[in-house]
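Undergrad: Below you'll find final31.csv; it's CSV, C-alpha atoms.
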```
chain,number,residue,atom,x,y,z
A,1,MET,CA,80.9,-110.5,-27.2
A,2,THR,CA,80.8,-106.8,-26.6
A,3,GLY,CA,82.2,-106.6,-23.1
A,4,HIS,CA,83.9,-103.4,-22.1
A,5,ILE,CA,85.0,-102.0,-18.8
A,6,VAL,CA,84.4,-98.8,-17.0
A,7,GLU,CA,86.6,-99.1,-14.0
A,8,ARG,CA,84.7,-97.8,-11.0
A,9,GLU,CA,87.3,-98.4,-8.3
A,10,PRO,CA,88.7,-95.3,-6.5
A,11,GLU,CA,92.3,-96.1,-7.4
A,12,ALA,CA,91.5,-96.4,-11.1
A,13,GLU,CA,93.4,-94.2,-13.6
A,14,GLU,CA,91.1,-91.4,-14.7
A,15,ALA,CA,93.4,-89.2,-16.7
A,16,ALA,CA,94.6,-89.2,-20.2
A,17,ASP,CA,97.1,-87.1,-22.0
A,18,THR,CA,96.1,-84.8,-24.8
A,19,GLY,CA,98.5,-84.7,-27.7
A,20,THR,CA,98.7,-82.7,-30.9
A,21,ALA,CA,95.6,-82.1,-33.0
A,22,GLY,CA,93.4,-83.0,-30.0
A,23,ALA,CA,94.5,-86.6,-30.1
A,24,VAL,CA,94.0,-88.3,-26.7
A,25,ARG,CA,96.7,-90.7,-25.5
A,26,PRO,CA,95.0,-93.1,-23.0
A,27,ARG,CA,97.0,-94.4,-20.1
A,28,PRO,CA,98.3,-98.0,-20.4
A,29,GLN,CA,95.8,-99.2,-17.8
A,30,SER,CA,92.8,-97.8,-19.8
A,31,LEU,CA,94.0,-99.6,-22.9
A,32,MET,CA,94.5,-102.8,-20.8
A,33,LEU,CA,90.9,-102.5,-19.5
A,34,ALA,CA,89.5,-102.0,-23.0
A,35,PHE,CA,91.4,-105.1,-24.2
A,36,LEU,CA,90.3,-107.3,-21.3
A,37,GLY,CA,86.7,-106.2,-21.6
A,38,ARG,CA,86.5,-106.8,-25.4
A,39,PHE,CA,88.6,-109.9,-25.8
A,40,VAL,CA,88.9,-111.8,-22.4
A,41,LEU,CA,85.7,-111.2,-20.5
A,42,GLY,CA,83.4,-114.2,-20.8
A,43,ARG,CA,85.9,-116.4,-22.6
A,44,ASP,CA,87.5,-118.3,-19.7
A,45,LEU,CA,91.1,-117.9,-20.9
A,46,ARG,CA,94.4,-116.5,-19.9
A,47,VAL,CA,96.7,-114.3,-22.0
A,48,PHE,CA,100.4,-114.6,-22.4
A,49,SER,CA,102.2,-111.5,-21.0
A,50,GLY,CA,104.2,-111.2,-24.2
A,51,SER,CA,101.0,-111.0,-26.2
A,52,PHE,CA,100.0,-107.9,-24.2
A,53,ILE,CA,103.3,-106.4,-25.1
A,54,ASP,CA,102.8,-107.1,-28.8
A,55,VAL,CA,99.3,-105.7,-28.8
A,56,PHE,CA,100.1,-102.5,-27.0
A,57,ALA,CA,103.3,-101.8,-28.9
A,58,ARG,CA,101.2,-100.9,-31.9
A,59,LEU,CA,99.8,-98.1,-29.7
A,60,GLY,CA,103.2,-96.8,-28.6
A,61,VAL,CA,103.1,-98.4,-25.1
A,62,SER,CA,106.5,-99.6,-24.0
A,63,GLU,CA,107.2,-103.1,-22.7
A,64,GLN,CA,108.1,-101.7,-19.3
A,65,ALA,CA,104.8,-99.8,-19.1
A,66,VAL,CA,102.8,-103.0,-20.0
A,67,ARG,CA,104.6,-105.1,-17.5
A,68,SER,CA,104.2,-102.5,-14.8
A,69,THR,CA,100.4,-102.3,-15.6
A,70,LEU,CA,100.0,-106.0,-15.4
A,71,SER,CA,101.9,-106.2,-12.1
A,72,ARG,CA,99.8,-103.4,-10.5
A,73,MET,CA,96.5,-105.0,-11.6
A,74,ALA,CA,97.6,-108.3,-10.2
A,75,GLN,CA,98.5,-106.7,-6.9
A,76,ARG,CA,95.1,-105.0,-6.8
A,77,GLY,CA,93.3,-108.4,-7.3
A,78,MET,CA,92.1,-107.7,-10.9
A,79,LEU,CA,94.4,-110.2,-12.6
A,80,ASP,CA,95.5,-113.7,-11.6
A,81,ARG,CA,99.0,-114.7,-12.7
A,82,ARG,CA,99.9,-118.3,-13.7
A,83,ARG,CA,103.0,-119.8,-15.1
A,84,SER,CA,103.1,-122.4,-17.9
A,85,GLY,CA,106.6,-123.5,-18.6
A,86,ARG,CA,108.7,-120.4,-19.0
A,87,ARG,CA,105.7,-118.2,-19.9
A,88,VAL,CA,103.4,-116.2,-17.6
A,89,TYR,CA,99.7,-115.9,-18.4
A,90,PHE,CA,97.1,-113.5,-16.9
A,91,GLY,CA,93.5,-114.2,-16.4
A,92,LEU,CA,90.6,-112.3,-14.9
A,93,THR,CA,89.7,-112.6,-11.2
A,94,PRO,CA,86.1,-112.7,-9.9
A,95,ARG,CA,86.5,-109.1,-8.9
A,96,ALA,CA,87.6,-108.2,-12.4
A,97,VAL,CA,84.7,-110.0,-14.0
A,98,ASP,CA,82.3,-108.1,-11.7
A,99,VAL,CA,83.8,-104.7,-12.6
A,100,LEU,CA,84.0,-105.6,-16.3
A,101,THR,CA,80.4,-106.8,-16.4
A,102,ASP,CA,79.2,-103.6,-14.7
A,103,GLY,CA,81.0,-101.5,-17.2
A,104,ASP,CA,79.6,-103.6,-20.1
A,105,GLN,CA,76.1,-102.9,-18.8
A,106,ARG,CA,76.9,-99.2,-18.5
A,107,ILE,CA,78.1,-98.8,-22.0
A,108,TRP,CA,76.1,-101.1,-24.1
A,109,ASP,CA,72.8,-101.5,-22.2
A,110,ALA,CA,72.2,-98.3,-20.2
A,111,GLY,CA,74.2,-96.0,-22.5
A,112,VAL,CA,74.8,-92.3,-21.9
A,113,VAL,CA,71.4,-91.1,-23.3
A,114,ASN,CA,68.8,-91.1,-20.5
A,115,LEU,CA,65.2,-90.7,-21.6
A,116,ASP,CA,63.8,-91.0,-18.1
A,117,GLU,CA,61.2,-88.3,-17.3
A,118,ASP,CA,59.3,-89.7,-14.3
A,119,GLY,CA,60.3,-86.7,-12.2
A,120,MET,CA,61.7,-88.6,-9.2
A,121,TRP,CA,65.0,-87.6,-7.7
A,122,THR,CA,67.3,-89.2,-5.2
A,123,LEU,CA,68.8,-87.2,-2.4
A,124,LEU,CA,71.7,-88.6,-0.3
A,125,SER,CA,73.0,-86.8,2.8
A,126,PHE,CA,76.0,-87.9,4.8
A,127,SER,CA,78.0,-86.8,7.8
A,128,LEU,CA,81.3,-88.4,8.4
A,129,PRO,CA,84.0,-87.7,11.1
A,130,GLU,CA,86.6,-85.2,9.9
A,131,SER,CA,89.3,-87.9,10.1
A,132,TRP,CA,87.5,-90.2,7.7
A,133,GLN,CA,89.1,-88.8,4.6
A,134,ARG,CA,89.5,-92.1,2.8
A,135,GLN,CA,85.8,-93.1,3.5
A,136,ARG,CA,84.7,-89.6,2.3
A,137,HIS,CA,86.7,-90.0,-0.9
A,138,ASP,CA,85.4,-93.5,-1.6
A,139,LEU,CA,81.8,-92.4,-1.0
A,140,ARG,CA,82.1,-89.4,-3.4
A,141,THR,CA,83.7,-91.7,-6.0
A,142,ARG,CA,80.8,-94.1,-5.8
A,143,LEU,CA,78.2,-91.3,-5.8
A,144,SER,CA,79.7,-89.8,-8.9
A,145,TRP,CA,79.7,-93.2,-10.7
A,146,ALA,CA,76.0,-93.7,-9.7
A,147,GLY,CA,75.1,-90.3,-11.3
A,148,PHE,CA,75.0,-88.0,-8.3
A,149,GLY,CA,76.2,-84.5,-8.2
A,150,PRO,CA,77.1,-82.3,-5.1
A,151,LEU,CA,74.4,-79.8,-4.3
A,152,ARG,CA,75.6,-78.7,-0.9
A,153,SER,CA,78.2,-79.9,1.5
A,154,GLY,CA,77.2,-83.4,2.5
A,155,LEU,CA,74.2,-83.4,0.2
A,156,TRP,CA,74.3,-85.0,-3.2
A,157,ILE,CA,71.4,-85.4,-5.7
A,158,ALA,CA,70.6,-87.5,-8.7
A,159,PRO,CA,67.6,-86.7,-11.1
A,160,THR,CA,66.5,-90.4,-11.2
A,161,VAL,CA,65.7,-93.1,-8.7
A,162,VAL,CA,69.0,-94.6,-7.6
A,163,ASP,CA,69.4,-97.7,-5.3
A,164,THR,CA,72.4,-96.8,-3.1
A,165,THR,CA,72.0,-99.7,-0.7
A,166,ALA,CA,74.8,-101.9,-2.2
A,167,PHE,CA,77.6,-99.5,-2.3
A,168,VAL,CA,76.7,-97.8,1.0
A,169,ASP,CA,76.7,-101.1,2.7
A,170,GLU,CA,79.9,-102.1,1.1
A,171,LEU,CA,81.6,-99.0,2.3
A,172,GLY,CA,80.3,-99.6,5.8
A,173,LEU,CA,78.5,-96.2,6.0
A,174,THR,CA,74.9,-97.3,6.6
A,175,ASP,CA,74.7,-95.4,9.9
A,176,HIS,CA,76.1,-92.2,8.4
A,177,VAL,CA,73.9,-91.8,5.3
A,178,HIS,CA,70.3,-90.8,4.8
A,179,VAL,CA,68.6,-91.4,1.4
A,180,PHE,CA,65.3,-89.9,0.1
A,181,HIS,CA,63.3,-90.2,-3.1
A,182,ALA,CA,61.3,-87.1,-3.9
A,183,ARG,CA,59.7,-84.9,-6.5
A,184,LEU,CA,60.6,-81.3,-7.0
A,185,GLY,CA,58.2,-78.6,-5.9
A,186,ALA,CA,57.7,-75.0,-6.9
A,187,PRO,CA,59.6,-72.7,-7.3
A,188,THR,CA,62.5,-75.2,-7.9
A,189,GLN,CA,63.3,-76.0,-11.5
A,190,ALA,CA,64.9,-79.2,-12.6
A,191,ALA,CA,67.3,-77.6,-15.1
A,192,GLN,CA,68.4,-75.2,-12.4
A,193,LEU,CA,69.3,-78.0,-10.0
A,194,VAL,CA,71.1,-79.9,-12.7
A,195,ASN,CA,73.3,-76.9,-13.5
A,196,GLU,CA,74.0,-76.3,-9.8
A,197,ALA,CA,75.1,-79.9,-9.2
A,198,TYR,CA,76.8,-80.7,-12.5
A,199,ASP,CA,79.2,-79.0,-14.9
A,200,VAL,CA,77.0,-79.4,-17.9
A,201,ASP,CA,79.1,-77.2,-20.2
A,202,ASP,CA,82.2,-79.2,-19.5
A,203,LEU,CA,80.4,-82.5,-20.1
A,204,ALA,CA,79.1,-81.3,-23.4
A,205,GLU,CA,82.5,-80.0,-24.4
A,206,GLY,CA,84.0,-83.5,-23.8
A,207,TYR,CA,81.5,-85.0,-26.2
A,208,ARG,CA,82.2,-82.3,-28.8
A,209,ARG,CA,85.9,-83.0,-28.6
A,210,PHE,CA,85.2,-86.7,-29.0
A,211,LEU,CA,83.1,-86.1,-32.1
A,212,ASP,CA,85.8,-83.8,-33.6
A,213,ARG,CA,88.3,-86.6,-33.3
A,214,TRP,CA,86.2,-89.6,-34.3
A,215,ASP,CA,83.5,-88.3,-36.7
A,216,THR,CA,85.8,-87.9,-39.6
A,217,ASP,CA,86.8,-89.8,-42.7
A,218,ASP,CA,90.1,-90.9,-41.1
A,219,PRO,CA,89.7,-91.1,-37.3
A,220,ALA,CA,92.7,-91.9,-35.2
A,221,PRO,CA,95.3,-91.6,-38.1
A,222,GLU,CA,98.0,-92.6,-35.6
A,223,ALA,CA,96.6,-96.1,-35.3
A,224,PRO,CA,98.1,-98.7,-37.6
A,225,ASP,CA,95.1,-101.1,-37.8
A,226,ASP,CA,91.6,-101.7,-36.6
A,227,LEU,CA,92.7,-103.4,-33.4
A,228,ALA,CA,94.5,-100.2,-32.4
A,229,ARG,CA,91.6,-98.1,-33.5
A,230,LEU,CA,89.1,-100.2,-31.5
A,231,LEU,CA,91.2,-100.0,-28.3
A,232,LEU,CA,91.7,-96.2,-28.7
A,233,LEU,CA,88.0,-95.7,-29.4
A,234,THR,CA,87.0,-97.7,-26.4
A,235,SER,CA,89.5,-96.1,-24.0
A,236,GLU,CA,88.5,-92.6,-25.0
A,237,TRP,CA,84.8,-93.5,-24.7
A,238,MET,CA,85.4,-95.0,-21.3
A,239,ARG,CA,87.0,-91.8,-20.2
A,240,LEU,CA,83.8,-89.9,-21.0
A,241,ILE,CA,81.5,-92.5,-19.5
A,242,ARG,CA,83.3,-92.2,-16.2
A,243,THR,CA,82.4,-88.5,-16.0
A,244,ASP,CA,78.9,-88.7,-17.3
A,245,PRO,CA,76.1,-88.9,-14.7
A,246,ARG,CA,73.5,-89.9,-17.3
A,247,LEU,CA,71.4,-86.8,-16.7
A,248,PRO,CA,67.8,-87.0,-18.2
A,249,LEU,CA,67.8,-85.6,-21.7
A,250,ALA,CA,64.8,-83.5,-20.9
A,251,TYR,CA,67.0,-81.4,-18.5
A,252,LEU,CA,69.9,-80.8,-20.9
A,253,PRO,CA,70.5,-78.4,-23.8
A,254,ASP,CA,69.2,-79.4,-27.2
A,255,PRO,CA,70.9,-80.7,-29.2
A,256,TRP,CA,72.9,-82.8,-26.6
A,257,PRO,CA,76.2,-84.0,-28.2
A,258,ALA,CA,76.2,-87.3,-26.3
A,259,VAL,CA,73.4,-88.5,-28.6
A,260,PRO,CA,75.4,-88.5,-31.9
A,261,ALA,CA,78.5,-89.5,-30.0
A,262,GLN,CA,76.9,-92.7,-28.7
A,263,GLU,CA,75.6,-93.6,-32.1
A,264,LEU,CA,79.1,-93.0,-33.6
A,265,VAL,CA,80.7,-95.3,-31.0
A,266,PHE,CA,78.3,-98.1,-31.8
A,267,ASP,CA,78.9,-97.7,-35.6
A,268,LEU,CA,82.7,-97.6,-35.2
A,269,HIS,CA,82.7,-100.6,-32.9
A,270,ARG,CA,80.9,-102.6,-35.6
A,271,ARG,CA,83.2,-101.3,-38.3
A,272,TYR,CA,86.4,-102.2,-36.4
A,273,GLY,CA,85.3,-105.3,-34.6
A,274,GLU,CA,85.7,-108.0,-37.2
A,275,ALA,CA,89.2,-107.1,-38.3
A,276,ALA,CA,90.3,-106.4,-34.7
A,277,THR,CA,89.1,-109.9,-33.6
A,278,ARG,CA,91.0,-111.5,-36.5
A,279,ILE,CA,94.2,-109.7,-35.5
A,280,VAL,CA,93.8,-110.9,-31.9
A,281,GLU,CA,93.3,-114.5,-33.0
A,282,GLU,CA,96.5,-114.3,-35.1
A,283,VAL,CA,98.8,-112.6,-32.6
A,284,VAL,CA,97.6,-113.4,-29.1
A,285,ASP,CA,98.7,-116.6,-27.3
A,286,THR,CA,96.1,-117.9,-24.8
A,287,LEU,CA,95.5,-120.8,-22.5
A,288,PRO,CA,92.1,-122.0,-21.1
A,289,ALA,CA,91.5,-120.7,-17.6
A,290,ASP,CA,91.5,-123.3,-14.9
```
For this file, produce the structure as structure tokens.
TA:
Amino acid sequence: MTGHIVEREPEAEEAADTGTAGAVRPRPQSLMLAFLGRFVLGRDLRVFSGSFIDVFARLGVSEQAVRSTLSRMAQRGMLDRRRSGRRVYFGLTPRAVDVLTDGDQRIWDAGVVNLDEDGMWTLLSFSLPESWQRQRHDLRTRLSWAGFGPLRSGLWIAPTVVDTTAFVDELGLTDHVHVFHARLGAPTQAAQLVNEAYDVDDLAEGYRRFLDRWDTDDPAPEAPDDLARLLLLTSEWMRLIRTDPRLPLAYLPDPWPAVPAQELVFDLHRRYGEAATRIVEEVVDTLPAD
């Protein structure tokens, strides 16, 4: 099972702290999502709250932070809390399964390297009342996740064909949005539009920092074992995925650092996976989901 999550909800934690030597300290929720995606998704089980505390202690996350994260995720409808005797166990809700599965597809099936060169673009324009700040924020969040970038005020573009029907309907904005699929015409250049709508340099720098940290003989030296390394790797990769619109490789500078970064993630995931699974089986208390 290679399930991982890329949390697409507006309220998700997006930030991570950068420590010494470029090390990234993911937020507790990011680590939680990585754990749930890798070890709970698709397994019909619940995990003892104390097991979460034991697992994340090896990453320097306090018991209070773990309990707070579990509580917040339960309140948001991502986790279902059940008591068995004196112990509390947490399982995935249908909403969590949907989000985790979507993230799994984004990381392991679609990936960050887009070889699409059919030349079709998607344009989405919207006009919302000034007072609809929350709706505007939610729409922009979904557009970013779907690979759009802002070209003008109220006009977002994506250099691929994107089906926006589901999230536009979900947000209740069908009457306020117009969507077009089109090809570019002269004198417009694809690379020019990409650089106008996206911060390509910043995106590339993120992948370079990731490679500097993980493409070494001893990546994540602060991690005590392969379970900790796997959770750190996944959390940091998720952080990049959330900001990557999957631009076609043909429109990006060559060499594009996402290519070796993605290969590295797949290799390290295989390297850490077996030992990490063994540790989880030894230290994590679970019950079958009901």
Undergrad: Ranking A:Phe126, A:Phe90, A:Tyr251, A:Trp132 by minimum distance to Asn114 of chain A and counting only C-alpha atoms, which one comes first?
TA: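 Checking each of A:Phe126, A:Phe90, A:Tyr251, A:Trp132 against Asn114 of chain A, counting only C-alpha atoms, the winner is A:Tyr251.
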Undergrad: Fewer than 5 positions away in the same chain doesn't count, so skip those; otherwise give me all residues within 10 Å of Trp156 of chain A, counting all atoms listed in the file, as a ChimeraX atom specification.
TA: /A:122-126,140,143-144,147-151,179,197
Undergrad: Enter the distance from atom CA of Arg239 of chain A to atom CA of Leu92 of chain A, in Å, rounded to one decimal.
TA: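 That distance, rounded to one decimal, is 21.5 Å.
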Undergrad: Measure the distance from atom CA of Ile107 of chain A to atom CA of His269 of chain A in Å and round it to one decimal.
TA: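 Atom CA of His269 of chain A lies 12.0 Å from atom CA of Ile107 of chain A.
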Undergrad: Pick out the closest residue to Leu184 of chain A from this set: A:Leu171, A:Ala204, A:Leu240, A:Ala158. Count only C-alpha atoms.
TA: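 When distances to Leu184 of chain A are compared using only C-alpha atoms, the smallest one comes from A:Ala158.
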Undergrad: Residues near Leu33 of chain A, anyone? I mean within 12 Å using all atoms listed in the file, not counting same-chain ones fewer than 2 positions away, as a VMD selection string.
TA: chain A and resid 3 to 8 12 to 13 26 to 31 35 to 41 52 56 66 69 to 70 73 78 to 79 92 96 to 97 99 to 101 103 to 104 231 to 232 234 to 236 238 to 239
Undergrad: From the set A:Ala34, A:Leu45, A:Arg81, A:Ala166, which residue has the shortest atom-to-atom contact distance to Trp237 of chain A, counting all atoms listed in the file?
TA: A:Ala34
Undergrad: For segment 88-99 of chain A, where the input has fewer atoms than it should, I would like all heavy atoms rebuilt and written as a compact mmCIF listing (two decimals), in the frame of the given file.
TA:
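Output contents, as saved in out39.txt:
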```
# COMPACT_ATOMS: atom_id res chain seq x y z
N VAL A 88 104.37 -116.64 -18.62
CA VAL A 88 103.40 -116.20 -17.60
C VAL A 88 102.15 -115.73 -18.30
O VAL A 88 102.20 -114.96 -19.26
CB VAL A 88 104.01 -115.05 -16.75
CG1 VAL A 88 102.96 -114.54 -15.77
CG2 VAL A 88 105.25 -115.52 -16.02
N TYR A 89 101.03 -116.24 -17.80
CA TYR A 89 99.70 -115.90 -18.40
C TYR A 89 98.86 -115.21 -17.31
O TYR A 89 98.95 -115.52 -16.13
CB TYR A 89 99.01 -117.18 -18.86
CG TYR A 89 99.66 -117.82 -20.06
CD1 TYR A 89 100.83 -118.58 -19.92
CD2 TYR A 89 99.11 -117.69 -21.33
CE1 TYR A 89 101.44 -119.17 -21.02
CE2 TYR A 89 99.70 -118.29 -22.44
CZ TYR A 89 100.86 -119.03 -22.28
OH TYR A 89 101.45 -119.61 -23.37
N PHE A 90 98.02 -114.30 -17.78
CA PHE A 90 97.10 -113.50 -16.90
C PHE A 90 95.68 -113.79 -17.23
O PHE A 90 95.29 -113.74 -18.40
CB PHE A 90 97.44 -112.04 -16.99
CG PHE A 90 98.76 -111.63 -16.40
CD1 PHE A 90 99.92 -111.68 -17.16
CD2 PHE A 90 98.85 -111.20 -15.08
CE1 PHE A 90 101.14 -111.30 -16.62
CE2 PHE A 90 100.06 -110.83 -14.53
CZ PHE A 90 101.21 -110.87 -15.30
N GLY A 91 94.89 -114.06 -16.19
CA GLY A 91 93.50 -114.20 -16.40
C GLY A 91 92.70 -113.30 -15.44
O GLY A 91 93.26 -112.67 -14.53
N LEU A 92 91.40 -113.21 -15.66
CA LEU A 92 90.60 -112.30 -14.90
C LEU A 92 90.20 -112.98 -13.53
O LEU A 92 89.92 -114.17 -13.46
CB LEU A 92 89.26 -112.02 -15.61
CG LEU A 92 89.40 -111.36 -16.98
CD1 LEU A 92 88.02 -111.17 -17.60
CD2 LEU A 92 90.11 -110.02 -16.86
N THR A 93 90.20 -112.18 -12.47
CA THR A 93 89.70 -112.60 -11.20
C THR A 93 88.21 -112.39 -11.09
O THR A 93 87.64 -111.66 -11.90
CB THR A 93 90.41 -111.85 -10.05
OG1 THR A 93 90.03 -110.47 -10.16
CG2 THR A 93 91.93 -111.98 -10.13
N PRO A 94 87.53 -113.00 -10.11
CA PRO A 94 86.10 -112.70 -9.90
C PRO A 94 85.82 -111.22 -9.77
O PRO A 94 84.81 -110.71 -10.27
CB PRO A 94 85.74 -113.50 -8.68
CG PRO A 94 86.70 -114.65 -8.68
CD PRO A 94 87.99 -114.08 -9.21
N ARG A 95 86.71 -110.52 -9.08
CA ARG A 95 86.50 -109.10 -8.90
C ARG A 95 86.56 -108.38 -10.26
O ARG A 95 85.76 -107.49 -10.55
CB ARG A 95 87.60 -108.52 -7.99
CG ARG A 95 87.48 -107.01 -7.80
CD ARG A 95 88.68 -106.46 -7.07
NE ARG A 95 88.60 -105.02 -6.91
CZ ARG A 95 89.64 -104.24 -6.72
NH1 ARG A 95 90.85 -104.74 -6.67
NH2 ARG A 95 89.48 -102.94 -6.59
N ALA A 96 87.51 -108.77 -11.12
CA ALA A 96 87.60 -108.20 -12.40
C ALA A 96 86.37 -108.45 -13.27
O ALA A 96 85.86 -107.57 -13.98
CB ALA A 96 88.86 -108.66 -13.15
N VAL A 97 85.87 -109.68 -13.20
CA VAL A 97 84.70 -110.00 -14.00
C VAL A 97 83.50 -109.17 -13.53
O VAL A 97 82.72 -108.69 -14.36
CB VAL A 97 84.35 -111.53 -13.76
CG1 VAL A 97 82.98 -111.87 -14.34
CG2 VAL A 97 85.41 -112.39 -14.42
N ASP A 98 83.38 -108.95 -12.23
CA ASP A 98 82.30 -108.10 -11.70
C ASP A 98 82.39 -106.69 -12.24
O ASP A 98 81.40 -106.10 -12.70
CB ASP A 98 82.32 -108.13 -10.19
CG ASP A 98 81.26 -107.22 -9.59
OD1 ASP A 98 80.06 -107.50 -9.78
OD2 ASP A 98 81.62 -106.23 -8.93
N VAL A 99 83.59 -106.12 -12.19
CA VAL A 99 83.80 -104.70 -12.60
C VAL A 99 83.59 -104.63 -14.14
O VAL A 99 82.96 -103.69 -14.65
CB VAL A 99 85.16 -104.22 -12.21
CG1 VAL A 99 85.42 -102.83 -12.78
CG2 VAL A 99 85.27 -104.19 -10.69
```
